[in-house]
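S.K.: One structure, pasted below without further comment.
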Amino acid sequence: MSKTDPGNYFEDFRLGQVLRHATPRTVTTGDVALYTALHGPRFALFSSSEFARACGLDQAPVDPLLTFHMVFGKTVPDISLNAVANLGYAEGVFLRAVRPGDTLSATSEVIGLKENSNRKTGVVYVRTTGVNQHGEPVLSYVRWVMVRKRSEAAEVEAQAVPSLKAAVEAADLVLPEGLDFSRYDFDLAGARHAYEDYELGERIDHVDGMAIEEAEHQMATRLYQNTAKVHFNQYERAKDPSGRRLVYGGVVISTAKALSFNGLQNAGLILGINAGRHVNPYFAGGTVFAWSQVLDKAELAPGIGALRLRLVATKDRPCADLPDKDEAGAYPAEVILDFDYWAAVPRRG
Amino acid sequence: MSKTDPGNYFEDFRLGQVLRHATPRTVTTGDVALYTALHGPRFALFSSSEFARACGLDQAPVDPLLTFHMVFGKTVPDISLNAVANLGYAEGVFLRAVRPGDTLSATSEVIGLKENSNRKTGVVYVRTTGVNQHGEPVLSYVRWVMVRKRSEAAEVEAQAVPSLKAAVEAADLVLPEGLDFSRYDFDLAGARHAYEDYELGERIDHVDGMAIEEAEHQMATRLYQNTAKVHFNQYERAKDPSGRRLVYGGVVISTAKALSFNGLQNAGLILGINAGRHVNPYFAGGTVFAWSQVLDKAELAPGIGALRLRLVATKDRPCADLPDKDEAGAYPAEVILDFDYWAAVPRRG
Amino acid sequence: MSKTDPGNYFEDFRLGQVLRHATPRTVTTGDVALYTALHGPRFALFSSSEFARACGLDQAPVDPLLTFHMVFGKTVPDISLNAVANLGYAEGVFLRAVRPGDTLSATSEVIGLKENSNRKTGVVYVRTTGVNQHGEPVLSYVRWVMVRKRSEAAEVEAQAVPSLKAAVEAADLVLPEGLDFSRYDFDLAGARHAYEDYELGERIDHVDGMAIEEAEHQMATRLYQNTAKVHFNQYERAKDPSGRRLVYGGVVISTAKALSFNGLQNAGLILGINAGRHVNPYFAGGTVFAWSQVLDKAELAPGIGALRLRLVATKDRPCADLPDKDEAGAYPAEVILDFDYWAAVPRRG
């Protein structure tokens, strides 16, 4: 038996199967520093332990997206080593703050399987849970991915497509324990905009643009211990029509989120992930721009609201004209991300 | 009202105005590791907590230049988002050691305003103060920068140009509390040269050269949460005659300072910044070289002296012939930095 | 006297001479995060403090290769600044776990000197010892390197070539204090393969490939405070036939070791370095692949065995056919590393 792990093919998955992923990971302030250097976030809550304490936390928590990338990375060898495409996310909720020193590990349950009619591939749906060293869940989300079959002839008997929510309901969002925005320092956070200032449907061009280099996305993806070949193996990628390593979609999400600071300075804390699509591939060297739209609002606790936001990112195209999909749902070639999430925001009232 | 921050224009500043900058920042050993990986310093005092303890400190302090870059970064959105050029620094003093775990924040006072005769721009002078989580100042410096006007017609009534010292006086330098070089281990630090061994006017070629990659300066500049577009937005920069992202001047300063180890092994601890000019732009890929000149000497405390040093950096030109400005003050095209600072050095006597 | 350090030439070394290297270094979780981001390791023992505790340690130790690179880096200014080539390693043993917070320093004893017949160069053999802040040795290894003479005429009287072991004997390997694999979690580590599953002579293709960018090897080499010009000075390297900066061999070792996870998931902990050759130069941009061969096996303690492994790395050539030297000992041009080490592995029995 070869000791090299070939990963799972579509016919290896079973409904209800639980995969316990390898490579537990102690998160450190070193990871946080790299997250800052690689993506450029400036949200005060994650940048300053003093600011976090003034918000009722005991220290600066880890950016939920860093938690997401680390948990996601663990799932790759078991779920998507033989993937053709990452199709979507849903029902993502951050259940508990992660702090430097915490150790993350992850499991995934197969909640859906649907073979494609060509019999060469199938779609695998998993619900992944990240837990800390006390076994407490910190993150749960659903992801579906198209996976190759090892053998076209293989039969996959039990199949099912799960019904997933279009968005996490506000009532299902969980605030970090102790979070209190009553002493929130808007000036130190960078802007005065509170929950009340955002209107349903409002669109914000984040103006700034940021290029991502080959070394940067590789370092981020290694940091997250995500081993997907497309991000690293240039020898293999040279045979692809693009000839290029593909940037991990999470790098685009984190970069676009960091750019969204300019206009959403007080909406740094992601509470839930409703949906996410990597609409077009992004290769290193392109400049990422972003704009946001307010999709929904909800009051969560005294002084704390949540905005449901759509974050759209482009490559080499400024977003002053808010590039978007057309009526048929087709995106301009420069749009690379359409990401739908909930973030906590301080309320005045 | 747009929620995107347009930054301040020349006519938005007022003499005596105090700007409280956003994005407080807890400095960590992760930041220190990145500083080492990005710039290559080898000064023992910042590299080893054991060495620092033998010098009377409780642990390795953060390199003062890292503190400077972080404080500087906070000022960019308020001061220089609409800048044409960063013109100079003066009267910089490091007032207290910063240690991993400390949280930095910053304010700037407008101490000078001078409109240019073309009425399109003006020079803004600010005195910036960085403080730690106890409100204790850790750094103070003056910077002046040419800023665009929003409207040519705008009147700026109260104008004044501050009188600034040509150099910080030795008596105004502040040693980190407890600093004691009586047990200084010269071998472990890398060379035997003490205060007494440096002569006024002495010039030292630092010999070594170091290239800086696009990914490296971007990571450094993001780490410092410096958001100036010229460093990141390649799409926009492609329209500039250079077609290139400009490297943040602080990256050049830190690289040249790291190169100066070869000859100034015991002068790692910067106490003051007298002046600094980014003489020519530096773009990624060029190899940085450096040489230094001893401008002044002062005895600060028993066993501790200070050298006033000029640090000149070049791109793609070794410094064996100590390239310098000519009598008219014009610099060769390869010179990119002329930086004037005070550093602490152990004295034998 | 010039204050710039010219490094030692062959005739500056003396048999029995002990060199105390500069730049002590406190290792931090920041360094560990960068090691992960730069090389991509996934071995659970170094990734998770919880996993390390379940293995009898008090926290995740630092990867022995990170310790090696840091100790090696300190020796460069004294030993190999004027080197023509790094010729080999032998008798490497890791003597004690290094943990974040420990401070490393190093000394080297000259144990061999052999002038070449051209009188222009000679081979210097040193035994280098890395110690922690308590003066306890953490690492010892022999390295030999060809060093230029300053003057062809210089006489070097006492010469000797040390007799070195072909491999560290299993009895001389030292396990980290407290190491206990009786509760080793194979699933969390990523594979079920135990000591018993590896056969003498067995070869494993690690399949995955990873490109290394210019910024990545420079950051790693700066992190290790290794100052060899060939890695950084592009201006000088442009005159070399390759025209390229040479990647520090240690970067190739760490990358290949990280790739070896796929097949050697439970052999992360290096105990000894038997030999190592950088067979061909590696330049940034090439994709690194690797394969391993089991050379020897030894039972070290209850539940703990050691595998003696050969790790062969290539550039831009997948290793399905296990590219190797021919009968005359000549390597294919794509082979860049042949590294021989001992690693601890859990035993079932």
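Every chain in the structure tokens has a letter given in the order shown (A, B, ...), and although residue numbers restart at 1 in each chain, ligands are simply numbered from 1 in the order shown.
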What are the residues of chain A that have an atom within 8 Å of an atom of chain B, counting only C-alpha atoms, as a PDB file with C-alpha atoms, in the first residue's frame?

M.R.:
```
ATOM      1  CA  THR A  29       0.097  36.184  17.843  1.00  0.00           C
ATOM      2  CA  GLY A  30       2.566  35.205  15.126  1.00  0.00           C
ATOM      3  CA  ASP A  31      -0.323  34.026  12.961  1.00  0.00           C
ATOM      4  CA  VAL A  32      -2.165  37.263  13.682  1.00  0.00           C
ATOM      5  CA  ALA A  33       0.856  39.369  12.671  1.00  0.00           C
ATOM      6  CA  LEU A  34       1.107  37.443   9.410  1.00  0.00           C
ATOM      7  CA  THR A  36      -2.094  41.637   9.116  1.00  0.00           C
ATOM      8  CA  ALA A  37       0.992  41.657   6.889  1.00  0.00           C
ATOM      9  CA  LEU A  38      -0.605  39.498   4.213  1.00  0.00           C
ATOM     10  CA  HIS A  39      -4.070  41.028   3.972  1.00  0.00           C
ATOM     11  CA  GLY A  40      -3.846  44.484   5.537  1.00  0.00           C
ATOM     12  CA  PRO A  41      -6.798  44.610   7.995  1.00  0.00           C
ATOM     13  CA  ARG A  42      -7.174  47.670  10.234  1.00  0.00           C
ATOM     14  CA  PHE A  43     -10.275  46.892  12.316  1.00  0.00           C
ATOM     15  CA  ALA A  44      -9.492  48.120  15.839  1.00  0.00           C
ATOM     16  CA  SER A  47      -5.643  45.194  16.167  1.00  0.00           C
ATOM     17  CA  SER A  48      -5.626  46.326  19.796  1.00  0.00           C
ATOM     18  CA  SER A  49      -6.096  44.341  22.978  1.00  0.00           C
ATOM     19  CA  GLU A  50      -6.866  47.609  24.764  1.00  0.00           C
ATOM     20  CA  PHE A  51      -9.680  48.342  22.337  1.00  0.00           C
ATOM     21  CA  ASP A 187     -12.715  57.847  16.578  1.00  0.00           C
ATOM     22  CA  LEU A 188     -10.150  55.237  17.489  1.00  0.00           C
ATOM     23  CA  ALA A 189     -11.972  52.776  15.259  1.00  0.00           C
ATOM     24  CA  GLY A 190     -11.669  55.172  12.342  1.00  0.00           C
ATOM     25  CA  HIS A 193     -20.805  55.374  11.282  1.00  0.00           C
ATOM     26  CA  ILE A 204     -20.352  51.691  -0.682  1.00  0.00           C
ATOM     27  CA  ASP A 205     -17.355  51.841  -3.000  1.00  0.00           C
ATOM     28  CA  HIS A 206     -14.288  51.078  -0.872  1.00  0.00           C
ATOM     29  CA  VAL A 207     -12.055  52.999  -3.320  1.00  0.00           C
ATOM     30  CA  ASP A 208      -8.689  51.512  -2.313  1.00  0.00           C
ATOM     31  CA  GLY A 209      -6.961  48.841  -4.397  1.00  0.00           C
ATOM     32  CA  MET A 210      -4.403  46.260  -3.372  1.00  0.00           C
ATOM     33  CA  ALA A 211      -2.219  43.959  -5.439  1.00  0.00           C
ATOM     34  CA  ILE A 212      -1.410  40.464  -4.170  1.00  0.00           C
ATOM     35  CA  GLU A 213       1.919  38.898  -5.070  1.00  0.00           C
ATOM     36  CA  GLU A 214       2.635  35.218  -5.720  1.00  0.00           C
ATOM     37  CA  ALA A 215       4.701  35.029  -2.507  1.00  0.00           C
ATOM     38  CA  GLU A 216       1.892  36.581  -0.497  1.00  0.00           C
ATOM     39  CA  ASN A 262     -12.870  52.275   4.152  1.00  0.00           C
ATOM     40  CA  GLY A 263     -16.589  52.710   4.693  1.00  0.00           C
ATOM     41  CA  LEU A 264     -17.258  49.823   7.061  1.00  0.00           C
ATOM     42  CA  GLY A 286      -3.896  41.829 -10.249  1.00  0.00           C
ATOM     43  CA  THR A 287      -5.117  44.717  -8.104  1.00  0.00           C
ATOM     44  CA  ASP A 316      -7.997  45.440 -12.099  1.00  0.00           C
ATOM     45  CA  ARG A 317     -11.249  47.347 -12.082  1.00  0.00           C
TER      46      ARG A 317
END
```

S.K.: Can you pull out the residues contacting Gly250 in chain A? Cut-off 9 Å, using only C-alpha atoms, and skip same-chain residues under 2 positions away; I want them as a JSON list (two decimals) with N, CA and C atoms, in the first residue's frame.

M.R.:
```json
[["chain", "number", "residue", "atom", "x", "y", "z"],
["A", 65, "LEU", "N", -12.17, 35.49, 10.13],
["A", 65, "LEU", "CA", -11.74, 34.95, 8.84],
["A", 65, "LEU", "C", -10.45, 34.12, 8.98],
["A", 68, "PHE", "N", -11.65, 30.92, 10.13],
["A", 68, "PHE", "CA", -12.27, 30.23, 9.01],
["A", 68, "PHE", "C", -11.21, 29.58, 8.11],
["A", 69, "HIS", "N", -10.18, 30.34, 7.75],
["A", 69, "HIS", "CA", -9.16, 29.80, 6.85],
["A", 69, "HIS", "C", -8.44, 28.61, 7.47],
["A", 221, "THR", "N", -1.61, 30.82, 2.29],
["A", 221, "THR", "CA", -2.22, 29.50, 2.13],
["A", 221, "THR", "C", -1.44, 28.44, 2.89],
["A", 247, "VAL", "N", -5.00, 31.60, -6.96],
["A", 247, "VAL", "CA", -4.96, 32.12, -5.60],
["A", 247, "VAL", "C", -6.12, 31.54, -4.80],
["A", 248, "TYR", "N", -5.84, 31.05, -3.60],
["A", 248, "TYR", "CA", -6.89, 30.53, -2.70],
["A", 248, "TYR", "C", -7.96, 31.60, -2.52],
["A", 252, "VAL", "N", -8.63, 36.20, -1.32],
["A", 252, "VAL", "CA", -9.42, 37.27, -1.91],
["A", 252, "VAL", "C", -10.45, 37.79, -0.90],
["A", 253, "ILE", "N", -11.10, 36.87, -0.19],
["A", 253, "ILE", "CA", -12.08, 37.29, 0.81],
["A", 253, "ILE", "C", -11.43, 38.19, 1.86],
["A", 254, "SER", "N", -10.27, 37.76, 2.39],
["A", 254, "SER", "CA", -9.62, 38.54, 3.44],
["A", 254, "SER", "C", -9.11, 39.88, 2.93],
["A", 255, "THR", "N", -8.64, 39.90, 1.70],
["A", 255, "THR", "CA", -8.16, 41.17, 1.13],
["A", 255, "THR", "C", -9.33, 42.13, 0.91]]
```

S.K.: Considering only C-alpha atoms, return as a list in words whatever protein or nucleic-acid residues lie within 8 Å of Tyr125 in chain C, sequence-local ones (same chain, fewer than 4 positions apart) excluded.

M.R.: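 Once the nearby chain positions are removed, what remains is Val110, Ile111, Gly112, Leu113, Val142, Arg143, Trp144, Val145, Val161 and Pro162 of chain C.
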
S.K.: I need the chosen residues saved as a short mmCIF file (atom, residue, chain, number, x, y, z; two decimals), in the first residue's frame, with all heavy atoms.

M.R.:
```
data_model
loop_
_atom_site.label_atom_id
_atom_site.label_comp_id
_atom_site.auth_asym_id
_atom_site.auth_seq_id
_atom_site.Cartn_x
_atom_site.Cartn_y
_atom_site.Cartn_z
N VAL C 110 37.06 24.52 15.49
CA VAL C 110 37.70 24.08 14.24
C VAL C 110 38.31 22.71 14.49
O VAL C 110 39.23 22.56 15.30
CB VAL C 110 38.79 25.09 13.80
CG1 VAL C 110 39.45 24.61 12.50
CG2 VAL C 110 38.19 26.48 13.61
N ILE C 111 37.75 21.70 13.81
CA ILE C 111 38.23 20.32 14.05
C ILE C 111 38.99 19.76 12.84
O ILE C 111 39.49 18.64 12.90
CB ILE C 111 37.07 19.38 14.42
CG1 ILE C 111 36.05 19.31 13.26
CG2 ILE C 111 36.38 19.81 15.71
CD1 ILE C 111 35.04 18.19 13.41
N GLY C 112 39.08 20.54 11.79
CA GLY C 112 39.84 20.06 10.63
C GLY C 112 40.20 21.20 9.71
O GLY C 112 39.45 22.18 9.60
N LEU C 113 41.35 21.10 9.07
CA LEU C 113 41.81 22.10 8.10
C LEU C 113 42.57 21.35 7.02
O LEU C 113 43.46 20.54 7.34
CB LEU C 113 42.75 23.12 8.76
CG LEU C 113 42.14 24.15 9.72
CD1 LEU C 113 43.26 24.93 10.40
CD2 LEU C 113 41.20 25.08 8.98
N VAL C 142 28.57 18.74 12.68
CA VAL C 142 29.81 19.05 11.98
C VAL C 142 29.46 19.54 10.58
O VAL C 142 28.53 19.03 9.93
CB VAL C 142 30.73 17.81 11.90
CG1 VAL C 142 31.94 18.08 11.00
CG2 VAL C 142 31.17 17.41 13.30
N ARG C 143 30.17 20.53 10.13
CA ARG C 143 29.96 21.08 8.80
C ARG C 143 31.33 21.34 8.19
O ARG C 143 32.26 21.73 8.89
CB ARG C 143 29.21 22.39 8.94
CG ARG C 143 29.06 23.24 7.69
CD ARG C 143 28.51 24.63 8.10
NE ARG C 143 28.42 25.50 6.95
CZ ARG C 143 28.51 26.83 7.00
NH1 ARG C 143 28.67 27.44 8.16
NH2 ARG C 143 28.43 27.56 5.90
N TRP C 144 31.47 21.08 6.91
CA TRP C 144 32.72 21.47 6.27
C TRP C 144 32.46 22.26 5.00
O TRP C 144 31.45 22.07 4.33
CB TRP C 144 33.68 20.30 6.03
CG TRP C 144 33.17 19.14 5.23
CD1 TRP C 144 33.53 18.82 3.95
CD2 TRP C 144 32.29 18.10 5.67
NE1 TRP C 144 32.90 17.67 3.57
CE2 TRP C 144 32.14 17.20 4.59
CE3 TRP C 144 31.60 17.86 6.86
CZ2 TRP C 144 31.32 16.07 4.68
CZ3 TRP C 144 30.78 16.73 6.94
CH2 TRP C 144 30.65 15.85 5.86
N VAL C 145 33.38 23.18 4.76
CA VAL C 145 33.10 24.22 3.78
C VAL C 145 34.43 24.62 3.13
O VAL C 145 35.48 24.59 3.80
CB VAL C 145 32.41 25.39 4.53
CG1 VAL C 145 33.25 25.94 5.63
CG2 VAL C 145 31.95 26.48 3.60
N VAL C 161 42.39 16.18 8.80
CA VAL C 161 41.02 15.90 8.37
C VAL C 161 40.38 15.01 9.42
O VAL C 161 40.91 13.93 9.71
CB VAL C 161 41.00 15.22 6.99
CG1 VAL C 161 39.60 14.78 6.63
CG2 VAL C 161 41.54 16.19 5.93
N PRO C 162 39.29 15.44 10.02
CA PRO C 162 38.70 14.64 11.09
C PRO C 162 38.04 13.38 10.53
O PRO C 162 37.59 13.38 9.39
CB PRO C 162 37.64 15.56 11.67
CG PRO C 162 37.24 16.44 10.54
CD PRO C 162 38.48 16.63 9.70
#
```

S.K.: Name the residues in contact with Arg96 in chain B at a cut-off of 9 Å, using only C-alpha atoms, excluding same-chain residues fewer than 5 positions from it; report them as a short mmCIF file (atom, residue, chain, number, x, y, z; two decimals) with C-alpha atoms, in the first residue's frame.

M.R.:
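Contents of the output file result_32.cif:
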```cif
data_model
loop_
_atom_site.label_atom_id
_atom_site.label_comp_id
_atom_site.auth_asym_id
_atom_site.auth_seq_id
_atom_site.Cartn_x
_atom_site.Cartn_y
_atom_site.Cartn_z
CA GLU B 136 2.91 57.43 28.26
CA PRO B 137 4.59 58.96 25.21
CA VAL B 138 6.98 56.58 23.47
CA LEU B 139 7.87 58.68 20.43
CA VAL B 174 16.15 59.72 26.51
CA LEU B 175 17.67 56.34 27.36
CA PRO B 176 15.36 53.36 27.95
CA GLU B 177 14.77 53.04 31.68
#
```

S.K.: Between CA of Lys165 in chain B and CA of Asn274 in chain B, what is the distance in Å, rounded to a tenth?

M.R.: 8.1 Å

S.K.: Could you please determine the separation between CA of Val131 in chain C and CA of Leu271 in chain C in Å, to one decimal place?

M.R.: 16.0 Å

S.K.: If you run DSSP over the backbone, which residues in range 16-168 of chain A end up helix (DSSP H, G or I)? Put them as a VMD selection string.

M.R.: chain A and resid 29 to 39 44 to 47 49 to 54 64 to 79

S.K.: Determine, counting only C-alpha atoms, which protein, DNA and RNA residues have an atom within 8 Å of an atom of range 325-342 of chain A; residues of the same chain fewer than 5 positions away are not included. Present the result as a ChimeraX atom specification.

M.R.: /A:252-253,270-282,306-317

S.K.: What lies within 6 Å of Phe181 in chain C using only C-alpha atoms, ignoring chain neighbours under 6 positions off, as a PyMOL selection string?

M.R.: chain C and resi 55+303+346

S.K.: Go ahead and save the residues from that selection, with all heavy atoms, as an mmCIF file, in the first residue's frame.

M.R.:
```cif
data_model
loop_
_atom_site.group_PDB
_atom_site.id
_atom_site.type_symbol
_atom_site.label_atom_id
_atom_site.label_comp_id
_atom_site.auth_asym_id
_atom_site.auth_seq_id
_atom_site.Cartn_x
_atom_site.Cartn_y
_atom_site.Cartn_z
ATOM 1 N N CYS C 55 1.668 14.147 23.945
ATOM 2 C CA CYS C 55 2.905 13.390 23.709
ATOM 3 C C CYS C 55 3.930 13.630 24.817
ATOM 4 O O CYS C 55 5.141 13.401 24.625
ATOM 5 C CB CYS C 55 3.515 13.761 22.361
ATOM 6 S SG CYS C 55 2.528 13.226 20.942
ATOM 7 N N GLY C 303 7.478 2.268 22.775
ATOM 8 C CA GLY C 303 6.543 3.030 21.951
ATOM 9 C C GLY C 303 7.187 4.019 21.006
ATOM 10 O O GLY C 303 6.490 4.715 20.268
ATOM 11 N N PRO C 346 6.217 6.929 16.156
ATOM 12 C CA PRO C 346 5.543 6.091 17.164
ATOM 13 C C PRO C 346 5.566 4.604 16.762
ATOM 14 O O PRO C 346 5.407 4.275 15.591
ATOM 15 C CB PRO C 346 4.117 6.635 17.186
ATOM 16 C CG PRO C 346 3.973 7.478 15.973
ATOM 17 C CD PRO C 346 5.337 7.909 15.544
#
```
